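Novice: Could you have a look at this structure, given as structure tokens, before my questions?
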Amino acid sequence: MSAFLGRLFVLVTLLALPARALAAQESCPAAAGPDAEAGWAAYREGDMVQARARFRAALAHCPGDPYAATGMGYVALREGDAAVAREWFSRTLEARPDDVDALVGLGLLAWRQGDLEEVRRRFTRVEELAPGHPTAREYLGRLPAELGPAPERAPLTLPDSLVVRARAHGDRLEVRT
């Protein structure tokens with residue numbers, strides 16, 4: 001009888017595993033969600049330090065969360081760290097091969113690196129998944145009909161300070177004299 005109970009216990013345990021795994025999958029994004037949302041809010045405000053911290057907190061709750069992983073990719077992309085951005089976007093695509101945000105991120109990364117064939121491939125896939133996607137349309141529209149080597153571009157340089165010579169204020173235009 002004890003052998004029967006032992007086998008019954010193993011069977012019940014094995015049957016319960018998918019239910020526990022499903023519960024973990026449902027609770028994982030719920031636990032990471034608030035931090036991931038806060039990360040995206042900080043990203044939109046341009047606060048990359050706070051965005052990175054909140055995405056890391058989300059990933060601490062749910063290490064495989066594609067929403068937070070994609071956020072980390074965009075933070076790295078904005079900071080110019082192509083290798084880290086590619087790693088985060090690729091991690092998301094391993095879990096969810098049709099994740100539009102990660103595909104867009106890789107398309108933007110390819111554009112910055114001058115890989116026009118990769119730009120076409122990534123954004124064409126985005127268009128297939130989300131017809132009319134504005135970023136995909138924009139970048140596909142920038143591509144020449146015949147792909148050749150990317151044109152040489154001067155490096156981006158930002159001024160040390162910004163001088164405002166005129167501004168709109170209320171219902172009038174003010175010009176510095």
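Ordered as shown in the structure tokens, chains take letters A, B, and onward, while each chain numbers its residues from 1 and ligands are numbered from 1 in the order shown.
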Find the residues around Leu129 in chain A up to 9 Å (only C-alpha atoms counted), leave out those fewer than 5 positions away in its own chain, and share them as a PyMOL selection string.
Specialist: chain A and resi 98-100+124
Novice: Wanna dump the range 66-169 of chain A-range 46-53 of chain A contacts at 10 Å for me, each residue with its shortest atom pair and the distance in Å to one decimal, counting only C-alpha atoms, ordered by chain and number, as JSON lines?
Specialist:
```
{"residue": "A:Ala68", "atom": "CA", "partner": "A:Arg52", "partner_atom": "CA", "distance": 9.3}
{"residue": "A:Gly71", "atom": "CA", "partner": "A:Ala51", "partner_atom": "CA", "distance": 8.0}
{"residue": "A:Met72", "atom": "CA", "partner": "A:Arg52", "partner_atom": "CA", "distance": 6.3}
{"residue": "A:Gly73", "atom": "CA", "partner": "A:Arg52", "partner_atom": "CA", "distance": 9.7}
{"residue": "A:Tyr74", "atom": "CA", "partner": "A:Met48", "partner_atom": "CA", "distance": 9.6}
{"residue": "A:Val75", "atom": "CA", "partner": "A:Met48", "partner_atom": "CA", "distance": 6.2}
{"residue": "A:Ala76", "atom": "CA", "partner": "A:Arg52", "partner_atom": "CA", "distance": 8.9}
{"residue": "A:Arg78", "atom": "CA", "partner": "A:Met48", "partner_atom": "CA", "distance": 8.3}
{"residue": "A:Glu79", "atom": "CA", "partner": "A:Met48", "partner_atom": "CA", "distance": 8.2}
```
Novice: Got time to write the residues from that selection, N, CA and C atoms, as a short mmCIF file (atom, residue, chain, number, x, y, z; two decimals), in the first residue's frame?
Specialist:
```cif
data_model
loop_
_atom_site.label_atom_id
_atom_site.label_comp_id
_atom_site.auth_asym_id
_atom_site.auth_seq_id
_atom_site.Cartn_x
_atom_site.Cartn_y
_atom_site.Cartn_z
N ALA A 68 10.42 44.51 -19.47
CA ALA A 68 11.54 45.17 -18.79
C ALA A 68 12.84 44.97 -19.57
N GLY A 71 12.95 47.34 -22.31
CA GLY A 71 13.24 48.66 -21.75
C GLY A 71 14.73 48.85 -21.52
N MET A 72 15.40 47.83 -20.99
CA MET A 72 16.84 47.90 -20.79
C MET A 72 17.55 48.08 -22.13
N GLY A 73 17.03 47.43 -23.17
CA GLY A 73 17.61 47.58 -24.50
C GLY A 73 17.50 49.02 -25.00
N TYR A 74 16.35 49.64 -24.79
CA TYR A 74 16.17 51.02 -25.24
C TYR A 74 17.03 51.99 -24.43
N VAL A 75 17.21 51.73 -23.15
CA VAL A 75 18.10 52.58 -22.34
C VAL A 75 19.52 52.48 -22.90
N ALA A 76 19.98 51.27 -23.16
CA ALA A 76 21.33 51.09 -23.72
C ALA A 76 21.44 51.74 -25.11
N ARG A 78 19.75 54.33 -26.23
CA ARG A 78 19.79 55.78 -26.07
C ARG A 78 21.15 56.24 -25.57
N GLU A 79 21.81 55.40 -24.77
CA GLU A 79 23.12 55.76 -24.23
C GLU A 79 24.25 55.41 -25.19
#
```
Novice: From a DSSP calculation on the backbone, collect every residue of chain A in alpha helix (DSSP H) and output the set as number ranges by chain.
Specialist: A: 2-44, 48-61, 66-78, 82-95, 100-113, 116-129, 134-142
Novice: Based on the selection just made, write C-alpha atoms of those residues as a compact mmCIF listing (two decimals), in the first residue's frame.
Specialist:
```txt
# COMPACT_ATOMS: atom_id res chain seq x y z
CA SER A 2 2.83 2.44 0.78
CA ALA A 3 4.33 1.93 -2.71
CA PHE A 4 0.93 2.81 -4.16
CA LEU A 5 0.75 5.96 -2.05
CA GLY A 6 4.29 6.87 -3.04
CA ARG A 7 3.44 6.56 -6.75
CA LEU A 8 0.20 8.47 -6.20
CA PHE A 9 2.14 11.29 -4.51
CA VAL A 10 4.58 11.47 -7.45
CA LEU A 11 1.69 11.49 -9.94
CA VAL A 12 -0.16 14.26 -8.08
CA THR A 13 3.07 16.26 -7.80
CA LEU A 14 3.76 15.93 -11.53
CA LEU A 15 0.22 16.95 -12.40
CA ALA A 16 0.48 19.97 -10.12
CA LEU A 17 3.71 21.22 -11.75
CA PRO A 18 2.05 22.78 -14.81
CA ALA A 19 -0.48 24.54 -12.57
CA ARG A 20 2.32 25.92 -10.39
CA ALA A 21 4.32 26.96 -13.44
CA LEU A 22 1.25 28.70 -14.86
CA ALA A 23 0.66 30.50 -11.56
CA ALA A 24 4.30 31.59 -11.52
CA GLN A 25 4.00 32.88 -15.10
CA GLU A 26 0.94 34.91 -14.17
CA SER A 27 2.39 36.31 -10.93
CA CYS A 28 5.79 37.11 -12.45
CA PRO A 29 4.63 39.91 -14.81
CA ALA A 30 2.25 41.17 -12.13
CA ALA A 31 5.15 41.53 -9.69
CA ALA A 32 7.40 43.20 -12.28
CA GLY A 33 4.71 45.36 -13.88
CA PRO A 34 4.76 48.44 -11.63
CA ASP A 35 8.55 48.74 -11.81
CA ALA A 36 8.56 48.20 -15.58
CA GLU A 37 5.86 50.85 -16.06
CA ALA A 38 7.85 53.26 -13.88
CA GLY A 39 10.92 52.47 -15.97
CA TRP A 40 9.11 53.36 -19.18
CA ALA A 41 7.79 56.58 -17.60
CA ALA A 42 11.34 57.58 -16.60
CA TYR A 43 12.57 56.66 -20.10
CA ARG A 44 9.96 58.93 -21.71
CA MET A 48 17.99 57.01 -18.02
CA VAL A 49 19.41 56.47 -14.51
CA GLN A 50 15.94 56.05 -13.03
CA ALA A 51 14.70 54.05 -16.04
CA ARG A 52 17.59 51.59 -15.71
CA ALA A 53 17.03 51.25 -11.96
CA ARG A 54 13.32 50.54 -12.38
CA PHE A 55 13.83 48.07 -15.21
CA ARG A 56 16.45 46.27 -13.09
CA ALA A 57 13.97 46.13 -10.19
CA ALA A 58 11.36 44.64 -12.53
CA LEU A 59 13.86 42.06 -13.75
CA ALA A 60 14.74 41.20 -10.14
CA HIS A 61 11.05 40.28 -9.62
CA PRO A 66 10.36 40.82 -21.92
CA TYR A 67 8.76 44.22 -21.21
CA ALA A 68 11.54 45.17 -18.79
CA ALA A 69 14.27 43.52 -20.91
CA THR A 70 13.17 45.55 -23.93
CA GLY A 71 13.24 48.66 -21.75
CA MET A 72 16.84 47.90 -20.79
CA GLY A 73 17.61 47.58 -24.50
CA TYR A 74 16.17 51.02 -25.24
CA VAL A 75 18.10 52.58 -22.34
CA ALA A 76 21.33 51.09 -23.72
CA LEU A 77 20.40 52.22 -27.24
CA ARG A 78 19.79 55.78 -26.07
CA ALA A 82 25.09 48.98 -29.11
CA ALA A 83 26.37 45.66 -27.73
CA VAL A 84 24.27 45.86 -24.57
CA ALA A 85 21.21 47.02 -26.51
CA ARG A 86 21.56 44.09 -28.93
CA GLU A 87 21.89 41.67 -26.01
CA TRP A 88 18.69 42.89 -24.32
CA PHE A 89 16.64 42.99 -27.53
CA SER A 90 17.89 39.53 -28.51
CA ARG A 91 16.99 38.19 -25.07
CA THR A 92 13.44 39.43 -25.56
CA LEU A 93 13.23 37.89 -29.04
CA GLU A 94 14.42 34.52 -27.70
CA ALA A 95 11.39 34.47 -25.42
CA VAL A 100 7.41 44.28 -32.12
CA ASP A 101 9.18 46.61 -29.67
CA ALA A 102 12.34 44.48 -29.63
CA LEU A 103 12.29 44.18 -33.44
CA VAL A 104 11.98 47.97 -33.72
CA GLY A 105 14.89 48.35 -31.30
CA LEU A 106 17.08 46.09 -33.44
CA GLY A 107 15.96 47.98 -36.54
CA LEU A 108 16.98 51.30 -34.98
CA LEU A 109 20.28 49.80 -33.90
CA ALA A 110 20.90 48.56 -37.46
CA TRP A 111 20.11 52.04 -38.81
CA ARG A 112 22.65 53.61 -36.46
CA GLN A 113 25.26 51.08 -37.54
CA LEU A 116 20.60 48.88 -44.34
CA GLU A 117 19.84 45.25 -45.22
CA GLU A 118 19.21 44.53 -41.52
CA VAL A 119 17.07 47.68 -41.30
CA ARG A 120 14.96 46.41 -44.20
CA ARG A 121 14.68 42.91 -42.69
CA ARG A 122 13.70 44.08 -39.19
CA PHE A 123 11.23 46.75 -40.22
CA THR A 124 9.65 44.56 -42.90
CA ARG A 125 8.96 42.02 -40.16
CA VAL A 126 7.49 44.77 -37.97
CA GLU A 127 5.20 45.78 -40.84
CA GLU A 128 4.06 42.17 -41.20
CA LEU A 129 3.23 41.95 -37.49
CA PRO A 134 4.83 54.43 -37.87
CA THR A 135 8.49 53.76 -37.06
CA ALA A 136 8.70 50.87 -39.51
CA ARG A 137 7.09 52.96 -42.24
CA GLU A 138 9.42 55.88 -41.57
CA TYR A 139 12.62 53.84 -41.71
CA LEU A 140 11.53 51.69 -44.65
CA GLY A 141 10.73 54.96 -46.46
CA ARG A 142 14.25 56.23 -45.80
```
Novice: What residues in chain A get the DSSP label strand (DSSP E)? Please answer as a PyMOL selection string.
Specialist: chain A and resi 166-169+172-175
Novice: Print the selection's residues with N, CA and C atoms to a file, as an mmCIF file, in the first residue's frame.
Specialist:
```
data_model
loop_
_atom_site.group_PDB
_atom_site.id
_atom_site.type_symbol
_atom_site.label_atom_id
_atom_site.label_comp_id
_atom_site.auth_asym_id
_atom_site.auth_seq_id
_atom_site.Cartn_x
_atom_site.Cartn_y
_atom_site.Cartn_z
ATOM 1 N N ALA A 166 15.359 83.780 -30.159
ATOM 2 C CA ALA A 166 13.967 84.215 -30.224
ATOM 3 C C ALA A 166 13.104 83.139 -29.592
ATOM 4 N N ARG A 167 11.923 83.573 -29.113
ATOM 5 C CA ARG A 167 10.991 82.610 -28.543
ATOM 6 C C ARG A 167 9.568 83.141 -28.670
ATOM 7 N N ALA A 168 8.644 82.195 -28.645
ATOM 8 C CA ALA A 168 7.234 82.563 -28.601
ATOM 9 C C ALA A 168 6.838 82.607 -27.132
ATOM 10 N N HIS A 169 6.197 83.709 -26.729
ATOM 11 C CA HIS A 169 5.780 83.866 -25.335
ATOM 12 C C HIS A 169 4.378 84.448 -25.330
ATOM 13 N N ARG A 172 2.845 86.654 -28.379
ATOM 14 C CA ARG A 172 3.822 87.467 -29.111
ATOM 15 C C ARG A 172 5.132 86.699 -29.294
ATOM 16 N N LEU A 173 5.967 87.214 -30.175
ATOM 17 C CA LEU A 173 7.278 86.657 -30.455
ATOM 18 C C LEU A 173 8.314 87.596 -29.874
ATOM 19 N N GLU A 174 9.207 87.076 -29.044
ATOM 20 C CA GLU A 174 10.241 87.895 -28.428
ATOM 21 C C GLU A 174 11.577 87.574 -29.099
ATOM 22 N N VAL A 175 12.324 88.633 -29.472
ATOM 23 C CA VAL A 175 13.619 88.481 -30.116
ATOM 24 C C VAL A 175 14.664 89.159 -29.262
#
```
Novice: What does the distance from CA of Asp160 in chain A to CA of Gly114 in chain A come to in Å, to one decimal?
Specialist: 26.9 Å
